$ cat model_10.pdb   # PDB, N, CA and C atoms
ATOM      1  N   MET A   1     -16.160 -22.857   7.161
ATOM      2  CA  MET A   1     -15.231 -21.906   7.769
ATOM      3  C   MET A   1     -15.989 -20.610   8.076
ATOM      4  N   ARG A   2     -15.795 -20.139   9.264
ATOM      5  CA  ARG A   2     -16.399 -18.870   9.645
ATOM      6  C   ARG A   2     -15.644 -17.736   8.947
ATOM      7  N   ILE A   3     -16.349 -16.672   8.607
ATOM      8  CA  ILE A   3     -15.725 -15.551   7.903
ATOM      9  C   ILE A   3     -14.572 -14.959   8.714
ATOM     10  N   GLU A   4     -14.675 -14.963  10.030
ATOM     11  CA  GLU A   4     -13.605 -14.427  10.886
ATOM     12  C   GLU A   4     -12.317 -15.233  10.768
ATOM     13  N   ASP A   5     -12.442 -16.499  10.360
ATOM     14  CA  ASP A   5     -11.285 -17.378  10.231
ATOM     15  C   ASP A   5     -10.711 -17.403   8.812
ATOM     16  N   CYS A   6     -11.338 -16.689   7.897
ATOM     17  CA  CYS A   6     -10.921 -16.716   6.495
ATOM     18  C   CYS A   6      -9.621 -15.930   6.303
ATOM     19  N   PRO A   7      -8.577 -16.559   5.757
ATOM     20  CA  PRO A   7      -7.305 -15.862   5.555
ATOM     21  C   PRO A   7      -7.402 -14.714   4.552
ATOM     22  N   VAL A   8      -8.306 -14.830   3.576
ATOM     23  CA  VAL A   8      -8.477 -13.727   2.615
ATOM     24  C   VAL A   8      -9.024 -12.501   3.335
ATOM     25  N   LYS A   9      -9.984 -12.699   4.227
ATOM     26  CA  LYS A   9     -10.528 -11.579   4.999
ATOM     27  C   LYS A   9      -9.437 -10.938   5.849
ATOM     28  N   THR A  10      -8.599 -11.763   6.454
ATOM     29  CA  THR A  10      -7.504 -11.241   7.275
ATOM     30  C   THR A  10      -6.590 -10.353   6.440
ATOM     31  N   ALA A  11      -6.228 -10.819   5.244
ATOM     32  CA  ALA A  11      -5.356 -10.027   4.366
ATOM     33  C   ALA A  11      -6.031  -8.728   3.944
ATOM     34  N   ILE A  12      -7.292  -8.809   3.545
ATOM     35  CA  ILE A  12      -8.013  -7.608   3.092
ATOM     36  C   ILE A  12      -8.184  -6.621   4.237
ATOM     37  N   ASP A  13      -8.369  -7.115   5.443
ATOM     38  CA  ASP A  13      -8.480  -6.215   6.598
ATOM     39  C   ASP A  13      -7.209  -5.387   6.774
ATOM     40  N   VAL A  14      -6.054  -5.948   6.420
ATOM     41  CA  VAL A  14      -4.776  -5.257   6.607
ATOM     42  C   VAL A  14      -4.443  -4.362   5.425
ATOM     43  N   ILE A  15      -4.607  -4.854   4.201
ATOM     44  CA  ILE A  15      -4.127  -4.096   3.036
ATOM     45  C   ILE A  15      -5.236  -3.605   2.116
ATOM     46  N   GLY A  16      -6.486  -3.852   2.494
ATOM     47  CA  GLY A  16      -7.596  -3.475   1.635
ATOM     48  C   GLY A  16      -7.988  -2.023   1.784
ATOM     49  N   GLY A  17      -8.911  -1.614   0.954
ATOM     50  CA  GLY A  17      -9.424  -0.254   0.982
ATOM     51  C   GLY A  17      -9.059   0.489  -0.288
ATOM     52  N   LYS A  18      -9.393   1.752  -0.309
ATOM     53  CA  LYS A  18      -9.177   2.569  -1.502
ATOM     54  C   LYS A  18      -7.715   2.965  -1.672
ATOM     55  N   TRP A  19      -7.015   3.267  -0.569
ATOM     56  CA  TRP A  19      -5.687   3.869  -0.678
ATOM     57  C   TRP A  19      -4.526   2.944  -0.345
ATOM     58  N   LYS A  20      -4.713   1.977   0.539
ATOM     59  CA  LYS A  20      -3.589   1.135   0.956
ATOM     60  C   LYS A  20      -2.938   0.377  -0.200
ATOM     61  N   PRO A  21      -3.707  -0.219  -1.116
ATOM     62  CA  PRO A  21      -3.040  -0.889  -2.235
ATOM     63  C   PRO A  21      -2.203   0.070  -3.084
ATOM     64  N   LEU A  22      -2.670   1.307  -3.231
ATOM     65  CA  LEU A  22      -1.912   2.286  -4.011
ATOM     66  C   LEU A  22      -0.653   2.729  -3.270
ATOM     67  N   ILE A  23      -0.751   2.847  -1.963
ATOM     68  CA  ILE A  23       0.431   3.165  -1.148
ATOM     69  C   ILE A  23       1.466   2.049  -1.302
ATOM     70  N   LEU A  24       1.016   0.813  -1.187
ATOM     71  CA  LEU A  24       1.920  -0.327  -1.302
ATOM     72  C   LEU A  24       2.531  -0.411  -2.694
ATOM     73  N   ARG A  25       1.741  -0.078  -3.709
ATOM     74  CA  ARG A  25       2.278  -0.064  -5.076
ATOM     75  C   ARG A  25       3.421   0.926  -5.193
ATOM     76  N   GLU A  26       3.252   2.095  -4.602
ATOM     77  CA  GLU A  26       4.284   3.137  -4.681
ATOM     78  C   GLU A  26       5.545   2.756  -3.903
ATOM     79  N   LEU A  27       5.379   2.030  -2.812
ATOM     80  CA  LEU A  27       6.532   1.667  -1.981
ATOM     81  C   LEU A  27       7.154   0.329  -2.378
ATOM     82  N   LYS A  28       6.546  -0.352  -3.326
ATOM     83  CA  LYS A  28       7.024  -1.676  -3.737
ATOM     84  C   LYS A  28       8.445  -1.634  -4.295
ATOM     85  N   ASP A  29       8.786  -0.560  -4.990
ATOM     86  CA  ASP A  29      10.085  -0.501  -5.655
ATOM     87  C   ASP A  29      11.135   0.313  -4.922
ATOM     88  N   ARG A  30      10.684   1.265  -4.093
ATOM     89  CA  ARG A  30      11.667   2.102  -3.394
ATOM     90  C   ARG A  30      10.994   2.866  -2.262
ATOM     91  N   PRO A  31      11.794   3.273  -1.274
ATOM     92  CA  PRO A  31      11.251   4.114  -0.203
ATOM     93  C   PRO A  31      10.865   5.484  -0.765
ATOM     94  N   GLN A  32       9.912   6.124  -0.110
ATOM     95  CA  GLN A  32       9.495   7.460  -0.543
ATOM     96  C   GLN A  32       9.178   8.329   0.663
ATOM     97  N   ARG A  33       9.413   9.607   0.479
ATOM     98  CA  ARG A  33       9.020  10.585   1.498
ATOM     99  C   ARG A  33       7.515  10.827   1.396
ATOM    100  N   PHE A  34       6.966  11.394   2.452
ATOM    101  CA  PHE A  34       5.528  11.636   2.508
ATOM    102  C   PHE A  34       5.061  12.465   1.314
ATOM    103  N   GLY A  35       5.767  13.537   1.026
ATOM    104  CA  GLY A  35       5.369  14.409  -0.080
ATOM    105  C   GLY A  35       5.379  13.693  -1.418
ATOM    106  N   GLU A  36       6.353  12.818  -1.616
ATOM    107  CA  GLU A  36       6.406  12.032  -2.860
ATOM    108  C   GLU A  36       5.182  11.126  -2.968
ATOM    109  N   LEU A  37       4.848  10.486  -1.855
ATOM    110  CA  LEU A  37       3.674   9.611  -1.859
ATOM    111  C   LEU A  37       2.410  10.408  -2.171
ATOM    112  N   ARG A  38       2.276  11.534  -1.560
ATOM    113  CA  ARG A  38       1.070  12.344  -1.768
ATOM    114  C   ARG A  38       0.939  12.758  -3.225
ATOM    115  N   ARG A  39       2.047  13.134  -3.842
ATOM    116  CA  ARG A  39       2.008  13.539  -5.260
ATOM    117  C   ARG A  39       1.754  12.353  -6.187
ATOM    118  N   SER A  40       2.219  11.185  -5.807
ATOM    119  CA  SER A  40       2.093  10.026  -6.688
ATOM    120  C   SER A  40       0.746   9.310  -6.575
ATOM    121  N   ILE A  41      -0.071   9.716  -5.602
ATOM    122  CA  ILE A  41      -1.392   9.107  -5.430
ATOM    123  C   ILE A  41      -2.442  10.210  -5.546
ATOM    124  N   PRO A  42      -2.875  10.523  -6.766
ATOM    125  CA  PRO A  42      -3.827  11.612  -6.970
ATOM    126  C   PRO A  42      -5.130  11.371  -6.210
ATOM    127  N   GLY A  43      -5.627  12.412  -5.605
ATOM    128  CA  GLY A  43      -6.928  12.350  -4.943
ATOM    129  C   GLY A  43      -6.889  12.023  -3.467
ATOM    130  N   VAL A  44      -5.774  11.518  -2.961
ATOM    131  CA  VAL A  44      -5.722  11.174  -1.541
ATOM    132  C   VAL A  44      -5.548  12.457  -0.721
ATOM    133  N   ARG A  45      -6.343  12.582   0.314
ATOM    134  CA  ARG A  45      -6.226  13.748   1.196
ATOM    135  C   ARG A  45      -5.092  13.527   2.189
ATOM    136  N   HIS A  46      -4.484  14.625   2.591
ATOM    137  CA  HIS A  46      -3.348  14.614   3.520
ATOM    138  C   HIS A  46      -3.662  13.780   4.755
ATOM    139  N   LYS A  47      -4.782  14.077   5.399
ATOM    140  CA  LYS A  47      -5.171  13.402   6.635
ATOM    141  C   LYS A  47      -5.372  11.896   6.411
ATOM    142  N   VAL A  48      -6.007  11.555   5.308
ATOM    143  CA  VAL A  48      -6.280  10.149   5.010
ATOM    144  C   VAL A  48      -4.978   9.398   4.754
ATOM    145  N   LEU A  49      -4.047  10.012   4.014
ATOM    146  CA  LEU A  49      -2.770   9.368   3.746
ATOM    147  C   LEU A  49      -2.019   9.098   5.051
ATOM    148  N   ILE A  50      -2.011  10.069   5.933
ATOM    149  CA  ILE A  50      -1.362   9.890   7.237
ATOM    150  C   ILE A  50      -1.992   8.720   7.993
ATOM    151  N   GLU A  51      -3.321   8.676   8.025
ATOM    152  CA  GLU A  51      -4.019   7.594   8.739
ATOM    153  C   GLU A  51      -3.681   6.225   8.155
ATOM    154  N   GLN A  52      -3.685   6.126   6.833
ATOM    155  CA  GLN A  52      -3.408   4.854   6.177
ATOM    156  C   GLN A  52      -1.960   4.417   6.411
ATOM    157  N   LEU A  53      -1.033   5.363   6.329
ATOM    158  CA  LEU A  53       0.372   5.045   6.591
ATOM    159  C   LEU A  53       0.562   4.574   8.028
ATOM    160  N   ARG A  54      -0.085   5.232   8.967
ATOM    161  CA  ARG A  54       0.019   4.819  10.379
ATOM    162  C   ARG A  54      -0.532   3.419  10.594
ATOM    163  N   GLN A  55      -1.662   3.118   9.947
ATOM    164  CA  GLN A  55      -2.248   1.787  10.092
ATOM    165  C   GLN A  55      -1.313   0.715   9.530
ATOM    166  N   LEU A  56      -0.726   0.982   8.362
ATOM    167  CA  LEU A  56       0.205   0.019   7.778
ATOM    168  C   LEU A  56       1.456  -0.126   8.639
ATOM    169  N   GLU A  57       1.871   0.972   9.262
ATOM    170  CA  GLU A  57       3.026   0.917  10.167
ATOM    171  C   GLU A  57       2.683   0.105  11.418
ATOM    172  N   GLU A  58       1.486   0.310  11.970
ATOM    173  CA  GLU A  58       1.069  -0.438  13.158
ATOM    174  C   GLU A  58       0.979  -1.938  12.880
ATOM    175  N   GLU A  59       0.621  -2.309  11.660
ATOM    176  CA  GLU A  59       0.528  -3.721  11.277
ATOM    177  C   GLU A  59       1.893  -4.327  10.980
ATOM    178  N   GLY A  60       2.938  -3.483  10.954
ATOM    179  CA  GLY A  60       4.279  -3.976  10.680
ATOM    180  C   GLY A  60       4.601  -4.094   9.197
ATOM    181  N   ILE A  61       3.765  -3.525   8.348
ATOM    182  CA  ILE A  61       3.954  -3.603   6.898
ATOM    183  C   ILE A  61       4.956  -2.557   6.423
ATOM    184  N   LEU A  62       4.931  -1.392   7.041
ATOM    185  CA  LEU A  62       5.826  -0.291   6.683
ATOM    186  C   LEU A  62       6.707   0.093   7.857
ATOM    187  N   THR A  63       7.830   0.704   7.532
ATOM    188  CA  THR A  63       8.635   1.369   8.547
ATOM    189  C   THR A  63       8.751   2.834   8.148
ATOM    190  N   ARG A  64       8.864   3.664   9.141
ATOM    191  CA  ARG A  64       9.002   5.106   8.918
ATOM    192  C   ARG A  64      10.306   5.546   9.544
ATOM    193  N   THR A  65      11.077   6.292   8.763
ATOM    194  CA  THR A  65      12.317   6.876   9.251
ATOM    195  C   THR A  65      12.156   8.380   9.198
ATOM    196  N   ILE A  66      12.499   9.049  10.298
ATOM    197  CA  ILE A  66      12.408  10.503  10.340
ATOM    198  C   ILE A  66      13.808  11.068  10.158
ATOM    199  N   HIS A  67      13.953  11.929   9.147
ATOM    200  CA  HIS A  67      15.226  12.578   8.859
ATOM    201  C   HIS A  67      15.186  13.988   9.436
ATOM    202  N   PRO A  68      16.067  14.288  10.392
ATOM    203  CA  PRO A  68      16.060  15.616  10.999
ATOM    204  C   PRO A  68      16.600  16.671  10.028
ATOM    205  N   GLY A  69      16.256  17.876  10.303
ATOM    206  CA  GLY A  69      16.699  19.022   9.503
ATOM    207  C   GLY A  69      15.837  20.199   9.868
ATOM    208  N   LYS A  70      15.882  21.242   9.043
ATOM    209  CA  LYS A  70      15.010  22.388   9.295
ATOM    210  C   LYS A  70      13.564  21.936   9.363
ATOM    211  N   VAL A  71      13.213  21.089   8.416
ATOM    212  CA  VAL A  71      11.874  20.490   8.387
ATOM    213  C   VAL A  71      12.072  18.987   8.498
ATOM    214  N   LEU A  72      11.402  18.374   9.472
ATOM    215  CA  LEU A  72      11.503  16.924   9.611
ATOM    216  C   LEU A  72      10.879  16.257   8.391
ATOM    217  N   GLN A  73      11.568  15.279   7.845
ATOM    218  CA  GLN A  73      11.044  14.547   6.705
ATOM    219  C   GLN A  73      10.880  13.085   7.087
ATOM    220  N   SER A  74       9.698  12.559   6.786
ATOM    221  CA  SER A  74       9.426  11.152   7.037
ATOM    222  C   SER A  74       9.602  10.378   5.751
ATOM    223  N   GLU A  75      10.302   9.257   5.851
ATOM    224  CA  GLU A  75      10.485   8.379   4.700
ATOM    225  C   GLU A  75       9.857   7.039   5.047
ATOM    226  N   TYR A  76       9.086   6.516   4.116
ATOM    227  CA  TYR A  76       8.395   5.252   4.318
ATOM    228  C   TYR A  76       8.961   4.195   3.382
ATOM    229  N   ARG A  77       9.018   2.970   3.887
ATOM    230  CA  ARG A  77       9.477   1.836   3.080
ATOM    231  C   ARG A  77       8.770   0.586   3.578
ATOM    232  N   LEU A  78       8.731  -0.420   2.719
ATOM    233  CA  LEU A  78       8.221  -1.711   3.170
ATOM    234  C   LEU A  78       9.169  -2.253   4.224
ATOM    235  N   SER A  79       8.625  -2.778   5.287
ATOM    236  CA  SER A  79       9.446  -3.431   6.315
ATOM    237  C   SER A  79       9.893  -4.783   5.770
ATOM    238  N   GLU A  80      10.736  -5.446   6.520
ATOM    239  CA  GLU A  80      11.142  -6.798   6.123
ATOM    240  C   GLU A  80       9.909  -7.687   6.005
ATOM    241  N   TYR A  81       8.990  -7.544   6.942
ATOM    242  CA  TYR A  81       7.740  -8.303   6.895
ATOM    243  C   TYR A  81       6.891  -7.850   5.710
ATOM    244  N   GLY A  82       6.843  -6.532   5.465
ATOM    245  CA  GLY A  82       6.086  -6.001   4.330
ATOM    246  C   GLY A  82       6.600  -6.511   2.996
ATOM    247  N   GLU A  83       7.899  -6.786   2.933
ATOM    248  CA  GLU A  83       8.488  -7.330   1.700
ATOM    249  C   GLU A  83       7.858  -8.665   1.320
ATOM    250  N   THR A  84       7.313  -9.388   2.304
ATOM    251  CA  THR A  84       6.680 -10.670   2.003
ATOM    252  C   THR A  84       5.398 -10.481   1.191
ATOM    253  N   LEU A  85       4.897  -9.247   1.118
ATOM    254  CA  LEU A  85       3.723  -8.952   0.294
ATOM    255  C   LEU A  85       4.067  -8.797  -1.182
ATOM    256  N   ARG A  86       5.335  -8.605  -1.497
ATOM    257  CA  ARG A  86       5.741  -8.340  -2.888
ATOM    258  C   ARG A  86       5.157  -9.356  -3.885
ATOM    259  N   PRO A  87       5.261 -10.677  -3.656
ATOM    260  CA  PRO A  87       4.674 -11.623  -4.627
ATOM    261  C   PRO A  87       3.158 -11.458  -4.769
ATOM    262  N   ALA A  88       2.477 -11.198  -3.670
ATOM    263  CA  ALA A  88       1.029 -11.016  -3.737
ATOM    264  C   ALA A  88       0.676  -9.750  -4.513
ATOM    265  N   LEU A  89       1.425  -8.673  -4.306
ATOM    266  CA  LEU A  89       1.180  -7.424  -5.034
ATOM    267  C   LEU A  89       1.450  -7.602  -6.523
ATOM    268  N   THR A  90       2.509  -8.333  -6.850
ATOM    269  CA  THR A  90       2.845  -8.593  -8.253
ATOM    270  C   THR A  90       1.745  -9.429  -8.910
ATOM    271  N   ALA A  91       1.276 -10.447  -8.209
ATOM    272  CA  ALA A  91       0.200 -11.290  -8.735
ATOM    273  C   ALA A  91      -1.091 -10.488  -8.891
ATOM    274  N   LEU A  92      -1.396  -9.634  -7.951
ATOM    275  CA  LEU A  92      -2.596  -8.808  -8.032
ATOM    276  C   LEU A  92      -2.516  -7.841  -9.211
ATOM    277  N   ALA A  93      -1.341  -7.265  -9.438
ATOM    278  CA  ALA A  93      -1.153  -6.363 -10.577
ATOM    279  C   ALA A  93      -1.326  -7.125 -11.893
ATOM    280  N   ALA A  94      -0.790  -8.326 -11.976
ATOM    281  CA  ALA A  94      -0.940  -9.138 -13.188
ATOM    282  C   ALA A  94      -2.405  -9.477 -13.431
ATOM    283  N   TRP A  95      -3.117  -9.830 -12.374
ATOM    284  CA  TRP A  95      -4.541 -10.127 -12.514
ATOM    285  C   TRP A  95      -5.298  -8.891 -12.982
ATOM    286  N   GLY A  96      -4.955  -7.723 -12.427
ATOM    287  CA  GLY A  96      -5.610  -6.482 -12.839
ATOM    288  C   GLY A  96      -5.392  -6.192 -14.315
ATOM    289  N   ALA A  97      -4.170  -6.409 -14.804
ATOM    290  CA  ALA A  97      -3.884  -6.199 -16.227
ATOM    291  C   ALA A  97      -4.701  -7.170 -17.081
ATOM    292  N   ASP A  98      -4.768  -8.431 -16.671
ATOM    293  CA  ASP A  98      -5.571  -9.416 -17.404
ATOM    294  C   ASP A  98      -7.051  -9.046 -17.374
ATOM    295  N   HIS A  99      -7.503  -8.564 -16.250
ATOM    296  CA  HIS A  99      -8.920  -8.196 -16.123
ATOM    297  C   HIS A  99      -9.258  -7.021 -17.040
ATOM    298  N   ARG A 100      -8.360  -6.067 -17.165
ATOM    299  CA  ARG A 100      -8.586  -4.952 -18.105
ATOM    300  C   ARG A 100      -8.778  -5.480 -19.513
ATOM    301  N   LYS A 101      -7.963  -6.445 -19.925
ATOM    302  CA  LYS A 101      -8.109  -7.051 -21.257
ATOM    303  C   LYS A 101      -9.439  -7.759 -21.364
ATOM    304  N   HIS A 102      -9.825  -8.467 -20.326
ATOM    305  CA  HIS A 102     -11.102  -9.186 -20.306
ATOM    306  C   HIS A 102     -12.271  -8.215 -20.495
ATOM    307  N   ILE A 103     -12.221  -7.101 -19.786
ATOM    308  CA  ILE A 103     -13.298  -6.100 -19.890
ATOM    309  C   ILE A 103     -13.320  -5.493 -21.287
ATOM    310  N   ALA A 104     -12.139  -5.253 -21.861
ATOM    311  CA  ALA A 104     -12.065  -4.673 -23.211
ATOM    312  C   ALA A 104     -12.712  -5.604 -24.237
ATOM    313  N   VAL A 105     -12.542  -6.906 -24.070
ATOM    314  CA  VAL A 105     -13.130  -7.880 -24.987
ATOM    315  C   VAL A 105     -14.654  -7.855 -24.864
ATOM    316  N   LEU A 106     -15.143  -7.663 -23.649
ATOM    317  CA  LEU A 106     -16.590  -7.648 -23.415
ATOM    318  C   LEU A 106     -17.247  -6.389 -23.954
ATOM    319  N   SER A 107     -16.482  -5.311 -24.086
ATOM    320  CA  SER A 107     -17.063  -4.029 -24.532
ATOM    321  C   SER A 107     -17.325  -3.997 -26.011
TER     322      SER A 107
END

$ encode --input "model_10.pdb" --output "structure tokens"
Amino acid sequence: MRIEDCPVKTAIDVIGGKWKPLILRELKDRPQRFGELRRSIPGVRHKVLIEQLRQLEEEGILTRTIHPGKVLQSEYRLSEYGETLRPALTALAAWGADHRKHIAVLS
């Protein structure tokens, strides 16, 4: 199989990187406004968070709702299609917890 045809590569191209998995973790349980996301993901820069959210929105993973008011507020949530990632995110989190235990045993 050519690497371009690998389904794992396809998935990682969409949800991989330093910040996207953390964004998805935060949105897994409930929608959040931009400011909430920024506070809940320490270290992410404003510009980078915007870029990552836009990319996930372009892929159809997230939806953005703009709430009018004195200050426009954007709220992000998993799209119906993004909800299909929930089992994969749960499995990845479980593997991460198991891996932490594995590393602790090795130390």

$ resolve_selection --input "model_10.pdb" --expression "the PyMOL selection byres (((chain A and resi 57 and name CA) around 12) and name CA)" --output "list of chain:residue names"
A:Val14, A:Ile15, A:Lys20, A:Ile23, A:Leu24, A:Ile50, A:Glu51, A:Gln52, A:Leu53, A:Arg54, A:Gln55, A:Leu56, A:Glu58, A:Glu59, A:Gly60, A:Ile61, A:Leu62, A:Thr63, A:Arg64, A:Thr65, A:Glu75, A:Tyr76, A:Arg77, A:Leu78, A:Ser79, A:Glu80, A:Tyr81, A:Gly82

$ closest_residue --input "model_10.pdb" --among "A:Lys9, A:Lys28, A:Lys18, A:Lys101" --to "Pro87 (chain A)" --atoms "only C-alpha atoms"
A:Lys28

$ residues_around --input "model_10.pdb" --residues "Ser40 (chain A)" --least-positions-apart "5" --cutoff "8 Å" --atoms "all atoms listed in the file" --output "compact mmCIF listing (two decimals) with N, CA and C atoms, in the frame of the given file"
# COMPACT_ATOMS: atom_id res chain seq x y z
N LEU A 22 -2.67 1.31 -3.23
CA LEU A 22 -1.91 2.29 -4.01
C LEU A 22 -0.65 2.73 -3.27
N GLU A 26 3.25 2.10 -4.60
CA GLU A 26 4.28 3.14 -4.68
C GLU A 26 5.54 2.76 -3.90
N PHE A 34 6.97 11.39 2.45
CA PHE A 34 5.53 11.64 2.51
C PHE A 34 5.06 12.46 1.31
N GLY A 35 5.77 13.54 1.03
CA GLY A 35 5.37 14.41 -0.08
C GLY A 35 5.38 13.69 -1.42

$ closest_residue --input "model_10.pdb" --among "A:Arg33, A:Leu106, A:Thr10, A:Met1" --to "Ser74 (chain A)" --atoms "only N, CA and C atoms"
A:Arg33

$ select_by_dssp --input "model_10.pdb" --residues "chain A" --states "alpha helix (DSSP H)" --output "JSON, numbers by chain"
{"A": [7, 8, 9, 10, 11, 12, 13, 14, 15, 20, 21, 22, 23, 24, 25, 26, 27, 34, 35, 36, 37, 38, 39, 40, 46, 47, 48, 49, 50, 51, 52, 53, 54, 55, 56, 57, 58, 86, 87, 88, 89, 90, 91, 92, 93, 94, 95, 96, 97, 98, 99, 100, 101, 102, 103, 104, 105, 106]}

$ select_by_dssp --input "model_10.pdb" --residues "region 13-104 of chain A" --states "strand (DSSP E or B)" --output "list of chain:residue names"
A:Gln32, A:Arg33, A:Leu62, A:Thr63, A:Arg64, A:Thr65, A:Ile66, A:His67, A:Gln73, A:Ser74, A:Glu75, A:Tyr76, A:Arg77, A:Leu78

$ atom_distance --input "model_10.pdb" --atom1 "CA of Leu85 (chain A)" --atom2 "atom C of Leu72 (chain A)"
27.4 Å

$ atom_distance --input "model_10.pdb" --atom1 "CA of His67 (chain A)" --atom2 "atom C of Gln32 (chain A)"
11.0 Å

$ atom_distance --input "model_10.pdb" --atom1 "atom N of Glu4 (chain A)" --atom2 "atom C of Gly17 (chain A)"
19.4 Å

$ closest_residue --input "model_10.pdb" --among "A:Val105, A:Ile66, A:Ala93, A:Leu37" --to "Leu49 (chain A)" --atoms "only C-alpha atoms"
A:Leu37

$ closest_residue --input "model_10.pdb" --among "A:His99, A:Lys70, A:Lys47, A:Arg86" --to "Asp29 (chain A)" --atoms "only C-alpha atoms"
A:Arg86
